[in-house]
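Novice: Take a look at input-v2.cif, mmCIF, C-alpha atoms:
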data_coords
#
loop_
_atom_site.label_atom_id
_atom_site.label_comp_id
_atom_site.auth_asym_id
_atom_site.auth_seq_id
_atom_site.Cartn_x
_atom_site.Cartn_y
_atom_site.Cartn_z
CA MET A 8 -1.46 26.88 -17.90
CA SER A 9 -5.02 25.55 -17.60
CA SER A 10 -5.70 22.33 -15.73
CA SER A 11 -7.01 20.65 -18.91
CA ILE A 12 -3.82 21.45 -20.83
CA ALA A 13 -1.70 20.29 -17.88
CA LYS A 14 -3.61 17.00 -17.79
CA LYS A 15 -3.09 16.42 -21.52
CA LEU A 16 0.63 17.13 -21.19
CA THR A 17 0.79 14.73 -18.23
CA ASN A 18 -0.84 12.04 -20.36
CA VAL A 19 1.73 12.59 -23.12
CA SER A 20 4.55 12.40 -20.57
CA THR A 21 3.04 9.21 -19.14
CA LEU A 22 3.27 7.58 -22.58
CA TYR A 23 6.87 8.72 -22.91
CA TYR A 24 7.92 7.25 -19.56
CA LEU A 25 6.01 4.06 -20.31
CA PHE A 26 8.28 3.55 -23.33
CA VAL A 27 11.37 4.33 -21.26
CA LEU A 28 10.66 2.02 -18.31
CA GLU A 29 11.31 -1.70 -18.31
CA LYS A 30 8.04 -3.45 -19.23
CA HIS A 31 8.95 -6.61 -17.34
CA PHE A 32 11.19 -7.36 -14.40
CA PRO A 33 14.46 -8.42 -16.06
CA ASP A 34 16.53 -11.39 -14.88
CA ASP A 35 19.85 -9.67 -15.57
CA ARG A 36 20.69 -8.48 -12.05
CA LYS A 37 23.91 -6.80 -13.22
CA LYS A 38 21.95 -4.64 -15.64
CA ILE A 39 19.32 -3.89 -12.97
CA LYS A 40 21.97 -2.76 -10.52
CA GLN A 41 23.83 -0.59 -13.04
CA LYS A 42 20.66 1.31 -13.96
CA GLN A 43 19.67 1.78 -10.33
CA ASN A 44 23.15 3.00 -9.37
CA LYS A 45 23.12 5.57 -12.18
CA ASN A 46 19.73 6.88 -11.08
CA VAL A 47 20.83 7.10 -7.42
CA HIS A 48 23.72 9.41 -8.30
CA LYS A 49 21.50 11.50 -10.61
CA LEU A 50 18.93 11.97 -7.83
CA MET A 51 21.51 12.99 -5.24
CA LYS A 52 23.07 15.55 -7.59
CA ARG A 53 19.67 17.15 -8.05
CA ALA A 54 18.80 17.00 -4.34
CA TYR A 55 22.04 18.81 -3.50
CA GLU A 56 20.61 21.89 -5.26
CA ILE A 57 17.48 21.93 -3.07
CA PRO A 58 17.86 23.92 0.21
CA PHE A 59 15.98 21.36 2.34
CA TYR A 60 18.30 18.56 1.26
CA ARG A 61 21.43 20.71 1.08
CA LYS A 62 21.10 21.19 4.84
CA ARG A 63 20.95 17.43 5.29
CA PHE A 64 24.02 16.91 3.10
CA ASP A 65 25.98 19.55 5.00
CA ALA A 66 24.91 18.26 8.42
CA CYS A 67 26.42 14.86 7.54
CA HIS A 68 29.46 16.32 5.70
CA LEU A 69 28.40 14.63 2.47
CA THR A 70 28.26 15.56 -1.23
CA PRO A 71 26.64 13.82 -4.22
CA ASP A 72 29.96 12.14 -4.95
CA ASP A 73 29.37 10.03 -1.84
CA PHE A 74 26.35 8.34 -3.47
CA HIS A 75 26.69 5.92 -6.35
CA CYS A 76 24.51 2.95 -5.34
CA SER A 77 21.51 2.00 -3.24
CA GLU A 78 23.73 0.92 -0.36
CA ASP A 79 25.26 4.41 -0.19
CA LEU A 80 21.89 5.86 0.78
CA GLN A 81 22.44 4.40 4.23
CA LYS A 82 24.78 7.36 4.87
CA PHE A 83 21.93 9.84 4.40
CA PRO A 84 19.39 10.76 7.12
CA VAL A 85 16.03 9.00 7.21
CA LEU A 86 13.08 11.20 6.21
CA THR A 87 10.14 11.01 8.61
CA LYS A 88 6.52 11.82 7.81
CA ALA A 89 6.65 14.80 10.20
CA GLU A 90 9.70 16.21 8.41
CA LEU A 91 8.05 15.69 5.03
CA ARG A 92 4.87 17.42 6.20
CA ALA A 93 6.84 20.43 7.45
CA TRP A 94 8.82 20.68 4.21
CA MET A 95 5.68 20.48 2.04
CA LYS A 96 4.07 23.29 4.05
CA GLU A 97 7.21 25.41 3.77
CA LEU A 98 7.29 24.93 0.00
CA TYR A 99 3.64 25.90 -0.31
CA ASP A 100 4.02 28.99 1.85
CA THR A 101 7.14 30.25 0.09
CA HIS A 102 6.17 29.63 -3.56
CA PRO A 103 2.86 31.47 -4.17
CA ASP A 104 3.77 32.14 -7.83
CA THR A 105 4.46 28.54 -8.86
CA ARG A 106 2.46 26.32 -6.52
CA ASP A 107 -0.62 26.36 -8.76
CA THR A 108 1.37 24.44 -11.37
CA TRP A 109 2.16 21.61 -8.95
CA ASP A 110 0.17 18.42 -8.74
CA ALA A 111 -1.31 18.12 -5.24
CA THR A 112 -2.43 14.92 -3.61
CA SER A 113 -3.07 13.70 -0.08
CA THR A 114 -2.54 10.54 1.92
CA SER A 115 -5.51 8.82 3.55
CA GLY A 116 -4.38 9.71 7.06
CA SER A 117 -4.67 6.13 8.33
CA THR A 118 -1.96 6.77 10.92
CA GLY A 119 -2.87 10.33 11.85
CA VAL A 120 -3.38 13.64 10.10
CA PRO A 121 -3.53 13.36 6.28
CA LEU A 122 -0.33 14.50 4.58
CA VAL A 123 -0.66 16.96 1.67
CA LEU A 124 1.95 16.21 -0.98
CA TYR A 125 3.17 18.13 -3.99
CA GLN A 126 4.84 16.81 -7.10
CA SER A 127 5.67 18.11 -10.55
CA GLN A 128 3.58 17.12 -13.56
CA ARG A 129 6.60 15.12 -14.75
CA GLU A 130 6.75 13.19 -11.49
CA HIS A 131 3.00 12.60 -11.69
CA ALA A 132 3.43 11.20 -15.20
CA CYS A 133 6.24 8.89 -14.12
CA THR A 134 4.14 7.61 -11.19
CA ASN A 135 1.32 6.82 -13.60
CA ALA A 136 3.66 5.12 -16.07
CA ASN A 137 5.22 3.02 -13.33
CA TRP A 138 1.78 1.78 -12.22
CA ILE A 139 0.85 0.88 -15.80
CA ARG A 140 4.05 -1.08 -16.32
CA ILE A 141 3.42 -2.93 -13.05
CA LEU A 142 0.08 -4.02 -14.50
CA MET A 143 1.79 -5.04 -17.73
CA SER A 144 4.41 -7.06 -15.87
CA PHE A 145 1.91 -9.81 -15.04
CA GLY A 146 0.17 -9.75 -18.42
CA TYR A 147 -2.51 -7.05 -18.30
CA ASN A 148 -2.95 -5.11 -21.54
CA PRO A 149 -3.59 -1.44 -20.67
CA VAL A 150 -5.08 -0.70 -24.11
CA PHE A 151 -7.40 -3.64 -24.71
CA GLY A 152 -7.83 -4.99 -21.18
CA LYS A 153 -10.98 -4.46 -19.12
CA MET A 154 -10.50 -3.03 -15.63
CA LEU A 155 -12.80 -2.44 -12.67
CA SER A 156 -11.32 -0.03 -10.13
CA PHE A 157 -12.52 1.82 -7.07
CA GLU A 158 -13.92 5.29 -6.88
CA SER A 159 -13.31 7.18 -3.67
CA SER A 160 -16.43 7.37 -1.50
CA TYR A 161 -16.24 11.18 -1.39
CA ARG A 162 -16.44 11.52 -5.19
CA LYS A 163 -19.54 11.39 -7.31
CA GLU A 164 -19.83 8.12 -9.18
CA LYS A 165 -19.18 8.50 -12.87
CA LYS A 166 -21.64 7.48 -15.54
CA GLN A 167 -21.39 3.87 -16.65
CA GLN A 168 -21.88 4.56 -20.39
CA ASP A 169 -18.92 3.61 -22.55
CA SER A 170 -17.01 6.31 -24.40
CA PHE A 171 -16.50 6.23 -28.16
CA LEU A 172 -13.19 4.38 -27.84
CA GLN A 173 -14.50 1.97 -25.22
CA LYS A 174 -17.28 0.85 -27.58
CA PHE A 175 -14.49 -0.48 -29.80
CA GLY A 176 -12.83 -2.34 -26.91
CA ILE A 177 -10.13 0.26 -26.21
CA LEU A 178 -9.26 1.59 -22.72
CA GLN A 179 -12.24 -0.12 -21.11
CA ARG A 180 -12.65 1.03 -17.52
CA ARG A 181 -15.42 0.93 -14.97
CA LYS A 182 -15.52 2.61 -11.56
CA LEU A 183 -17.18 1.13 -8.48
CA SER A 184 -18.28 3.43 -5.68
CA GLU A 185 -17.52 1.84 -2.31
CA THR A 186 -20.73 3.31 -0.94
CA ARG A 187 -22.60 0.68 -2.96
CA CYS A 188 -20.83 -2.24 -1.25
CA THR A 189 -23.46 -2.65 1.46
CA ALA A 190 -25.89 -5.49 2.15
CA GLU A 191 -28.59 -3.68 0.15
CA GLY A 192 -26.38 -2.80 -2.80
CA MET A 193 -24.26 -5.94 -3.01
CA PRO A 194 -26.60 -8.01 -5.26
CA ASP A 195 -26.51 -5.29 -7.93
CA VAL A 196 -22.74 -4.88 -7.54
CA ILE A 197 -22.18 -8.62 -8.10
CA ARG A 198 -24.62 -8.71 -11.03
CA GLU A 199 -22.87 -5.80 -12.74
CA LEU A 200 -19.49 -7.34 -11.97
CA ASN A 201 -20.50 -10.57 -13.70
CA GLU A 202 -22.00 -8.75 -16.68
CA TYR A 203 -18.88 -6.63 -17.18
CA HIS A 204 -16.48 -9.56 -16.44
CA PRO A 205 -13.28 -7.50 -16.15
CA ASP A 206 -9.81 -8.90 -16.81
CA LEU A 207 -8.53 -6.99 -13.77
CA ILE A 208 -10.26 -5.94 -10.55
CA CYS A 209 -8.48 -3.26 -8.52
CA LEU A 210 -10.37 -2.38 -5.32
CA ARG A 211 -9.56 -1.44 -1.74
CA LYS A 212 -8.90 -4.55 0.31
CA ASN A 213 -11.81 -4.10 2.68
CA CYS A 214 -14.20 -3.56 -0.25
CA ILE A 215 -13.17 -6.60 -2.28
CA VAL A 216 -13.22 -8.74 0.89
CA ARG A 217 -16.79 -7.61 1.62
CA ILE A 218 -17.81 -8.61 -1.90
CA ALA A 219 -16.18 -12.02 -1.49
CA LEU A 220 -17.81 -12.65 1.89
CA TYR A 221 -21.25 -11.65 0.63
CA ALA A 222 -20.92 -13.97 -2.36
CA GLN A 223 -19.80 -16.85 -0.16
CA GLU A 224 -22.53 -16.33 2.44
CA HIS A 225 -25.30 -16.13 -0.19
CA ASN A 226 -23.89 -18.86 -2.47
CA LEU A 227 -23.39 -16.41 -5.34
CA THR A 228 -20.86 -17.14 -8.06
CA ILE A 229 -18.60 -14.38 -9.35
CA ARG A 230 -16.98 -14.78 -12.75
CA GLN A 231 -13.32 -14.93 -11.86
CA PRO A 232 -11.04 -12.27 -13.38
CA LYS A 233 -7.59 -13.07 -14.68
CA TRP A 234 -6.11 -10.86 -11.97
CA TYR A 235 -7.23 -8.84 -8.97
CA ILE A 236 -5.37 -6.38 -6.74
CA PRO A 237 -6.50 -5.47 -3.19
CA VAL A 238 -5.06 -1.99 -2.67
CA SER A 239 -4.52 0.47 0.21
CA GLU A 240 -3.89 -2.22 2.85
CA MET A 241 -1.57 -5.12 3.54
CA VAL A 242 -2.67 -8.51 2.20
CA ASP A 243 -2.33 -11.06 5.00
CA GLU A 244 -2.74 -14.81 4.73
CA MET A 245 -6.34 -14.68 5.94
CA THR A 246 -7.23 -12.17 3.24
CA ARG A 247 -5.53 -14.24 0.58
CA MET A 248 -7.48 -17.39 1.48
CA THR A 249 -10.77 -15.51 1.65
CA LEU A 250 -10.30 -13.88 -1.73
CA GLU A 251 -9.05 -16.96 -3.56
CA LYS A 252 -12.23 -18.83 -2.65
CA THR A 253 -14.26 -16.31 -4.66
CA PHE A 254 -11.94 -14.69 -7.18
CA GLY A 255 -9.51 -17.53 -7.93
CA PRO A 256 -5.70 -17.75 -8.15
CA GLY A 257 -4.99 -14.42 -9.87
CA LEU A 258 -4.13 -12.42 -6.72
CA VAL A 259 -1.55 -9.67 -7.26
CA ASP A 260 -0.13 -7.99 -4.16
CA ALA A 261 1.11 -4.50 -5.07
CA TYR A 262 2.73 -2.46 -2.31
CA GLY A 263 3.54 1.22 -2.05
CA SER A 264 2.11 4.47 -0.72
CA ASP A 265 0.58 7.75 -1.84
CA GLU A 266 3.94 9.36 -1.17
CA THR A 267 6.16 6.96 -3.10
CA GLY A 268 3.85 5.27 -5.60
CA SER A 269 3.72 1.49 -5.98
CA CYS A 270 7.14 -0.11 -6.11
CA ILE A 271 6.94 -3.67 -4.70
CA ILE A 272 4.87 -6.38 -6.37
CA LYS A 273 4.14 -10.05 -5.79
CA ARG A 274 2.77 -11.67 -8.92
CA PRO A 275 0.64 -14.83 -9.10
CA GLY A 276 2.69 -17.96 -8.54
CA LYS A 277 5.64 -16.15 -6.98
CA ASP A 278 6.79 -16.58 -3.37
CA TYR A 279 8.64 -13.25 -3.30
CA TYR A 280 8.08 -9.59 -4.18
CA ASP A 281 9.94 -7.88 -7.03
CA ILE A 282 11.06 -4.28 -6.58
CA CYS A 283 10.89 -1.63 -9.32
CA ASN A 284 14.62 -1.04 -9.06
CA ASP A 285 14.88 1.34 -12.00
CA THR A 286 12.42 3.77 -10.37
CA HIS A 287 12.91 3.07 -6.66
CA VAL A 288 15.37 2.01 -4.00
CA VAL A 289 13.84 -0.12 -1.25
CA ASN A 290 16.25 -0.58 1.63
CA ILE A 291 15.61 -2.37 4.91
CA TYR A 292 17.05 -0.80 8.08
CA ASP A 293 17.46 -2.27 11.53
CA ASP A 294 17.11 -0.32 14.79
CA LYS A 295 20.54 1.25 14.23
CA ASN A 296 19.64 2.49 10.73
CA GLU A 297 21.96 -0.07 9.20
CA LEU A 298 21.14 -2.25 6.20
CA ALA A 299 19.52 -5.54 7.18
CA ASP A 300 17.35 -8.33 5.82
CA ASN A 301 14.62 -7.69 8.39
CA GLY A 302 13.45 -4.32 9.61
CA ARG A 303 11.94 -0.99 8.56
CA VAL A 304 11.02 -0.33 4.93
CA ILE A 305 12.89 2.76 3.69
CA ILE A 306 11.92 3.91 0.18
CA THR A 307 13.54 6.36 -2.22
CA PRO A 308 11.68 7.09 -5.49
CA LEU A 309 14.49 7.74 -7.95
CA PHE A 310 12.33 9.66 -10.46
CA LYS A 311 11.30 12.27 -7.89
CA THR A 312 14.01 14.83 -8.61
CA ASP A 313 11.79 17.93 -8.34
CA PHE A 314 10.28 17.08 -4.93
CA PRO A 315 12.59 14.28 -3.74
CA LEU A 316 11.73 11.76 -1.04
CA ILE A 317 15.09 10.36 0.01
CA ASN A 318 15.16 7.54 2.58
CA TYR A 319 11.47 7.90 3.38
CA ASP A 320 10.39 5.84 6.39
CA ILE A 321 7.09 4.45 5.15
CA GLY A 322 6.18 3.02 8.58
CA ASP A 323 6.14 -0.71 7.77
CA ILE A 324 8.46 -3.58 8.51
CA ALA A 325 9.42 -6.36 6.12
CA SER A 326 11.69 -9.34 5.54
CA SER A 327 13.95 -9.60 2.49
CA TYR A 328 17.12 -10.99 0.99
CA VAL A 329 19.75 -9.61 -1.39
CA LYS A 330 21.12 -11.55 -4.38
CA ASP A 331 23.90 -10.09 -6.53
CA GLY A 332 23.17 -6.66 -5.09
CA VAL A 333 19.44 -6.78 -5.91
CA ARG A 334 16.91 -6.89 -3.06
CA TYR A 335 13.82 -9.11 -3.02
CA VAL A 336 11.12 -8.84 -0.37
CA THR A 337 9.75 -12.07 1.10
CA LYS A 338 7.14 -10.75 3.54
CA ILE A 339 5.58 -7.43 4.49
CA HIS A 340 4.63 -7.54 8.17
CA GLY A 341 2.72 -4.27 8.48
CA ARG A 342 2.87 -1.06 10.44
CA LEU A 343 5.76 -0.47 12.77
CA ASN A 344 3.87 2.29 14.59
CA ASP A 345 0.96 0.04 15.57
CA MET A 346 1.96 -0.56 19.17
CA VAL A 347 0.34 -2.11 22.23
CA ARG A 348 0.68 0.35 25.12
CA HIS A 349 1.26 -0.85 28.68
CA GLU A 350 0.61 0.78 32.04
CA ASN A 351 4.32 0.79 32.93
CA GLY A 352 5.02 3.03 29.93
CA GLU A 353 6.35 0.33 27.63
CA GLU A 354 5.14 -0.21 24.07
CA THR A 355 5.32 -3.55 22.28
CA SER A 356 4.74 -4.64 18.68
CA VAL A 357 1.35 -5.96 17.56
CA LEU A 358 2.98 -8.65 15.42
CA GLU A 359 2.33 -11.30 18.05
CA LEU A 360 -1.36 -10.37 18.05
CA ARG A 361 -1.53 -10.73 14.28
CA LYS A 362 0.06 -14.16 14.50
CA ILE A 363 -2.90 -15.40 16.54
CA THR A 364 -5.15 -15.28 13.49
CA ASN A 365 -2.77 -17.54 11.54
CA GLY A 366 -3.18 -20.35 14.06
CA ILE A 367 -6.81 -21.22 13.39
CA THR A 368 -9.18 -21.24 10.43
CA GLY A 369 -12.78 -20.12 10.13
CA ILE A 370 -12.16 -16.35 10.30
CA ALA A 371 -12.52 -14.01 7.32
CA GLN A 372 -11.79 -10.64 8.98
CA PHE A 373 -10.45 -9.41 12.29
CA ARG A 374 -9.59 -6.20 14.12
CA PHE A 375 -8.00 -5.79 17.54
CA THR A 376 -8.77 -2.65 19.57
CA GLN A 377 -6.90 -1.79 22.76
CA GLU A 378 -9.48 0.16 24.78
CA SER A 379 -7.49 0.62 28.00
CA TYR A 380 -4.38 -0.69 29.71
CA HIS A 381 -6.31 -3.80 30.66
CA ASP A 382 -9.06 -4.12 28.05
CA MET A 383 -8.59 -5.63 24.60
CA ARG A 384 -11.43 -6.17 22.13
CA VAL A 385 -11.32 -8.26 18.98
CA GLU A 386 -13.94 -8.09 16.25
CA LEU A 387 -14.27 -11.24 14.17
CA VAL A 388 -16.13 -12.14 10.99
CA ARG A 389 -16.96 -15.79 10.35
CA ASP A 390 -15.70 -17.45 7.18
CA PRO A 391 -18.96 -18.85 5.77
CA MET A 392 -17.10 -21.55 3.84
CA ASP A 393 -15.03 -22.88 6.75
CA THR A 394 -16.85 -24.37 9.76
CA ALA A 395 -14.08 -26.67 10.96
CA TYR A 396 -14.13 -24.84 14.31
CA THR A 397 -17.13 -23.52 16.20
CA LYS A 398 -17.31 -19.93 17.39
CA GLU A 399 -16.77 -21.18 20.95
CA GLU A 400 -13.60 -23.01 19.92
CA ILE A 401 -12.29 -19.95 18.08
CA GLU A 402 -13.01 -17.74 21.09
CA ALA A 403 -11.22 -20.15 23.42
CA PHE A 404 -8.24 -20.20 21.05
CA PHE A 405 -8.00 -16.39 21.06
CA ARG A 406 -8.25 -16.18 24.84
CA ASN A 407 -5.56 -18.82 25.36
CA LYS A 408 -3.19 -17.23 22.87
CA LEU A 409 -3.68 -13.75 24.31
CA HIS A 410 -2.91 -15.16 27.76
CA ASP A 411 0.23 -16.83 26.39
CA ILE A 412 1.45 -13.44 25.13
CA TYR A 413 0.41 -11.07 27.93
CA GLY A 414 -0.55 -13.27 30.88
CA ASP A 415 -3.39 -11.73 32.90
CA GLU A 416 -2.70 -8.18 31.68
CA PHE A 417 -5.76 -7.95 29.42
CA ARG A 418 -9.43 -8.79 29.63
CA LEU A 419 -10.53 -9.93 26.18
CA ARG A 420 -13.92 -9.09 24.72
CA ILE A 421 -14.90 -10.86 21.50
CA ASP A 422 -17.53 -9.42 19.15
CA TRP A 423 -18.81 -11.36 16.14
CA LEU A 424 -19.90 -9.16 13.21
CA ASP A 425 -21.30 -9.77 9.75
CA VAL A 426 -18.66 -7.43 8.35
CA ILE A 427 -16.12 -5.07 9.92
CA PRO A 428 -16.77 -1.53 8.66
CA PRO A 429 -13.82 0.42 7.25
CA ASP A 430 -12.40 3.55 8.81
CA PRO A 431 -13.61 6.93 7.47
CA ASN A 432 -10.59 7.04 5.13
CA GLY A 433 -11.74 3.82 3.44
CA LYS A 434 -9.12 1.57 5.01
CA LEU A 435 -9.48 -1.10 7.66
CA ARG A 436 -6.67 -1.29 10.19
CA CYS A 437 -6.07 -4.61 11.89
CA PHE A 438 -5.10 -2.95 15.17
CA VAL A 439 -6.36 0.24 16.79
CA CYS A 440 -5.04 1.65 20.05
CA GLN A 441 -7.37 4.11 21.78
CA LEU A 442 -4.74 5.15 24.34
CA PRO A 443 -2.58 8.23 23.72
CA ALA A 444 1.01 7.71 22.66
CA LYS A 445 3.93 8.69 24.85
CA GLY A 446 3.87 12.38 25.58
CA GLY A 447 0.15 12.55 24.84
CA LYS A 448 0.65 12.80 21.06
#
If you took the structure in this file and wrote it as structure tokens, what would it be?

Specialist:
Amino acid sequence: MSSSIAKKLTNVSTLYYLFVLEKHFPDDRKKIKQKQNKNVHKLMKRAYEIPFYRKRFDACHLTPDDFHCSEDLQKFPVLTKAELRAWMKELYDTHPDTRDTWDATSTSGSTGVPLVLYQSQREHACTNANWIRILMSFGYNPVFGKMLSFESSYRKEKKQQDSFLQKFGILQRRKLSETRCTAEGMPDVIRELNEYHPDLICLRKNCIVRIALYAQEHNLTIRQPKWYIPVSEMVDEMTRMTLEKTFGPGLVDAYGSDETGSCIIKRPGKDYYDICNDTHVVNIYDDKNELADNGRVIITPLFKTDFPLINYDIGDIASSYVKDGVRYVTKIHGRLNDMVRHENGEETSVLELRKITNGITGIAQFRFTQESYHDMRVELVRDPMDTAYTKEEIEAFFRNKLHDIYGDEFRLRIDWLDVIPPDPNGKLRCFVCQLPAKGGK
């Protein structure tokens, strides 16, 4: 099958799944739970036929009949990124006759080596449909709405001319190359943004923050969209405040990964995140791999029955609550594997470092870098619209707070920048440790 035919069939399948999926997040929790439970059992029956998962069933003395709800997934082993990488490579090596029909994608590699993933065209279609229905859930019209989205920096920017359909106001899309979001290119980016005036802006977080900061610093007005979604990175309180000053109240926080697809969404005006329970299970595990309200985010995409990801440890921690069997997320804290490393061999969470930035205003961006066992550097970007504190006062605050957490363990160096550049993969991590992990990995 040619790639063009496969793409057309994927588009047809996407439309099919879009009709099947719930268009809005229903209030009937009993109905939500029944549909999720049915899909859990269906997934586990299929996974039992796959050698990789059959070994995991047998090792735990389990069968598909042991799984009828999201809570039952706690019995099954957690899937790590290393295990997933090894399984994907094994599949590729052992299926030379069929692998060309698979849809291949790759993670950004923000926490290490990029992970090559494979999925069926059906799974690809369902992922696309789920993303479209997420957009529809807060009011965006995928047919007549106007969207501005990002184009990966390693791809050639597409032409800006409208297609035949787009000239009639149908499927209007524009792509923005992140390579243009520099000091020299920003005036043209903002001008084009205002001329196009999209209903929805969907850009990487570091890119949309840079646009907001440039507009604020140069007193430029951006026509506010109805909605905007910073993708690829966690939206913290500092980011939210920075973006709302420029783009208004329509912030949508959509959470997921390349591996699982988007599955958790916080819509404007809500103080919690909904979960796409008909397509995913999102469980929270504590240190003992038991269900909890606070802990590690463990995701199972229920529609991935060809290349399942069961109990995938996505690497983040979150807080949540359960009501009538349905889970709601209240806060996503960030990466669990971002750790401060100490000379005595201990590793501690960076959450306390991140809390420092919530204690004072006047900062638009930050990044901590642990350079040695006794050297910590923080890069800061001034919020041009908030001068309540001087740079000297902000620096003193950071030094005092770091001392409160670690005592005299670290020397702190503070660098003020106009903008913090993203990593080569397009993301911007809030904490970077330059020391090797335990065992030199």

Novice: Please identify all polymer residues within 7 Å of range 320-325 of chain A, counting all atoms listed in the file, omitting same-chain residues fewer than 4 positions from it, and present them as a PDB file with C-alpha atoms, in the coordinates of the input.

Specialist:
ATOM      1  CA  VAL A  85      16.030   9.000   7.210  1.00  0.00           C
ATOM      2  CA  LEU A  86      13.080  11.200   6.210  1.00  0.00           C
ATOM      3  CA  THR A  87      10.140  11.010   8.610  1.00  0.00           C
ATOM      4  CA  ASN A 301      14.620  -7.690   8.390  1.00  0.00           C
ATOM      5  CA  GLY A 302      13.450  -4.320   9.610  1.00  0.00           C
ATOM      6  CA  ARG A 303      11.940  -0.990   8.560  1.00  0.00           C
ATOM      7  CA  VAL A 304      11.020  -0.330   4.930  1.00  0.00           C
ATOM      8  CA  ILE A 305      12.890   2.760   3.690  1.00  0.00           C
ATOM      9  CA  ILE A 306      11.920   3.910   0.180  1.00  0.00           C
ATOM     10  CA  LYS A 338       7.140 -10.750   3.540  1.00  0.00           C
ATOM     11  CA  ILE A 339       5.580  -7.430   4.490  1.00  0.00           C
ATOM     12  CA  HIS A 340       4.630  -7.540   8.170  1.00  0.00           C
ATOM     13  CA  GLY A 341       2.720  -4.270   8.480  1.00  0.00           C
ATOM     14  CA  ARG A 342       2.870  -1.060  10.440  1.00  0.00           C
ATOM     15  CA  LEU A 343       5.760  -0.470  12.770  1.00  0.00           C
ATOM     16  CA  ASN A 344       3.870   2.290  14.590  1.00  0.00           C
TER      17      ASN A 344
END

Novice: For CA of Arg129 in chain A and CA of Leu25 in chain A, determine how far apart the two atoms are, in Å to one decimal place.

Specialist: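 These atoms are spaced 12.4 Å apart.
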
Novice: List the residues selected by the PyMOL selection byres ((chain A and resi 358) around 9) in the file shown, writing them as a VMD selection string.

Specialist: chain A and resid 340 to 341 345 to 346 355 to 357 359 to 362

Novice: Take the residues just selected and output them with C-alpha atoms as a short mmCIF file (atom, residue, chain, number, x, y, z; two decimals), in the coordinates of the input.

Specialist:
data_model
loop_
_atom_site.label_atom_id
_atom_site.label_comp_id
_atom_site.auth_asym_id
_atom_site.auth_seq_id
_atom_site.Cartn_x
_atom_site.Cartn_y
_atom_site.Cartn_z
CA HIS A 340 4.63 -7.54 8.17
CA GLY A 341 2.72 -4.27 8.48
CA ASP A 345 0.96 0.04 15.57
CA MET A 346 1.96 -0.56 19.17
CA THR A 355 5.32 -3.55 22.28
CA SER A 356 4.74 -4.64 18.68
CA VAL A 357 1.35 -5.96 17.56
CA GLU A 359 2.33 -11.30 18.05
CA LEU A 360 -1.36 -10.37 18.05
CA ARG A 361 -1.53 -10.73 14.28
CA LYS A 362 0.06 -14.16 14.50
#

Novice: Nearest residue to His131 in chain A out of A:Lys311, A:His204, A:His48, A:Arg180, using all atoms listed in the file?

Specialist: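 Comparing A:Lys311, A:His204, A:His48, A:Arg180 against His131 in chain A, the winner is A:Lys311.
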
Novice: So which residues touch Pro232 in chain A within 9 Å, counting only C-alpha atoms, skipping near sequence neighbours fewer than 3 positions away, as number ranges by chain?

Specialist: A: 204-208, 229, 235, 254-255, 257

Novice: Find the residues around Leu98 in chain A up to 10 Å (all atoms listed in the file counted), leave out those fewer than 6 positions away in its own chain, and share them as a list in words.

Specialist: Phe59, Thr105, Arg106, Tyr125 and Phe314 of chain A

Novice: Written as a list of chain:residue names, which residues does the PyMOL selection byres ((chain A and resi 307) around 6) give for the file shown?

Specialist: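 This file, filtered by the PyMOL selection byres ((chain A and resi 307) around 6), leaves A:His287, A:Val288, A:Ile306, A:Pro308, A:Leu309, A:Leu316, A:Ile317, A:Asn318.
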
Novice: Skipping near chain neighbours, those fewer than 3 positions away, what residues fall within 7 Å of Leu250 in chain A using all atoms listed in the file, listed as a list in words?

Specialist: Val216, Ala219, Thr246, Arg247, Thr253 and Phe254 of chain A

Novice: I'd like to see the residues matched by the PyMOL selection byres ((chain A and resi 380) around 9) on this file, and ideally I'd get them as a list of chain:residue names.

Specialist: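 Output from the PyMOL selection byres ((chain A and resi 380) around 9), applied to this file: A:Val347, A:Arg348, A:His349, A:Glu350, A:Gln377, A:Glu378, A:Ser379, A:His381, A:Asp382, A:Met383, A:Glu416, A:Phe417, A:Leu442.
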
Novice: I'd like the interatomic distance between CA of Tyr413 in chain A and CA of Arg374 in chain A, to a tenth of an Å.

Specialist: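 Between CA of Tyr413 in chain A and CA of Arg374 in chain A the gap is 17.7 Å.
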
Novice: Can you work out the spacing between CA of Thr312 in chain A and CA of Thr286 in chain A in Å, to one decimal?

Specialist: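 CA of Thr286 in chain A lies at a distance of 11.3 Å from CA of Thr312 in chain A.
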
Novice: Taking all atoms listed in the file into account, name the residue in A:Asn148, A:Thr376, A:Asn201, A:Asn290 that is nearest to Gln231 in chain A.

Specialist: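 Once distances to Gln231 in chain A are computed over all atoms listed in the file, the minimum belongs to A:Asn201.
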
Novice: Can you work out which one of A:Ala222, A:Met245, A:Leu258, A:Val385 has the shortest atom-to-atom distance to Arg420 in chain A, counting all atoms listed in the file?

Specialist: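 That would be A:Val385, the residue with the smallest distance to Arg420 in chain A.
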
Novice: Between A:Pro33, A:Pro391, A:Gly352, A:Gly332, which one has atoms that come closest to Ser144 in chain A, using all atoms listed in the file?

Specialist: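 Of the candidates, the smallest distance to Ser144 in chain A is held by A:Pro33.
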
Novice: Compare A:Ala111, A:Cys67, A:Leu220, A:Leu200 by their minimum atom-to-atom distance to Val388 in chain A, counting all atoms listed in the file, and give me the closest one.

Specialist: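 Closest residue, counting all atoms listed in the file: A:Leu220.
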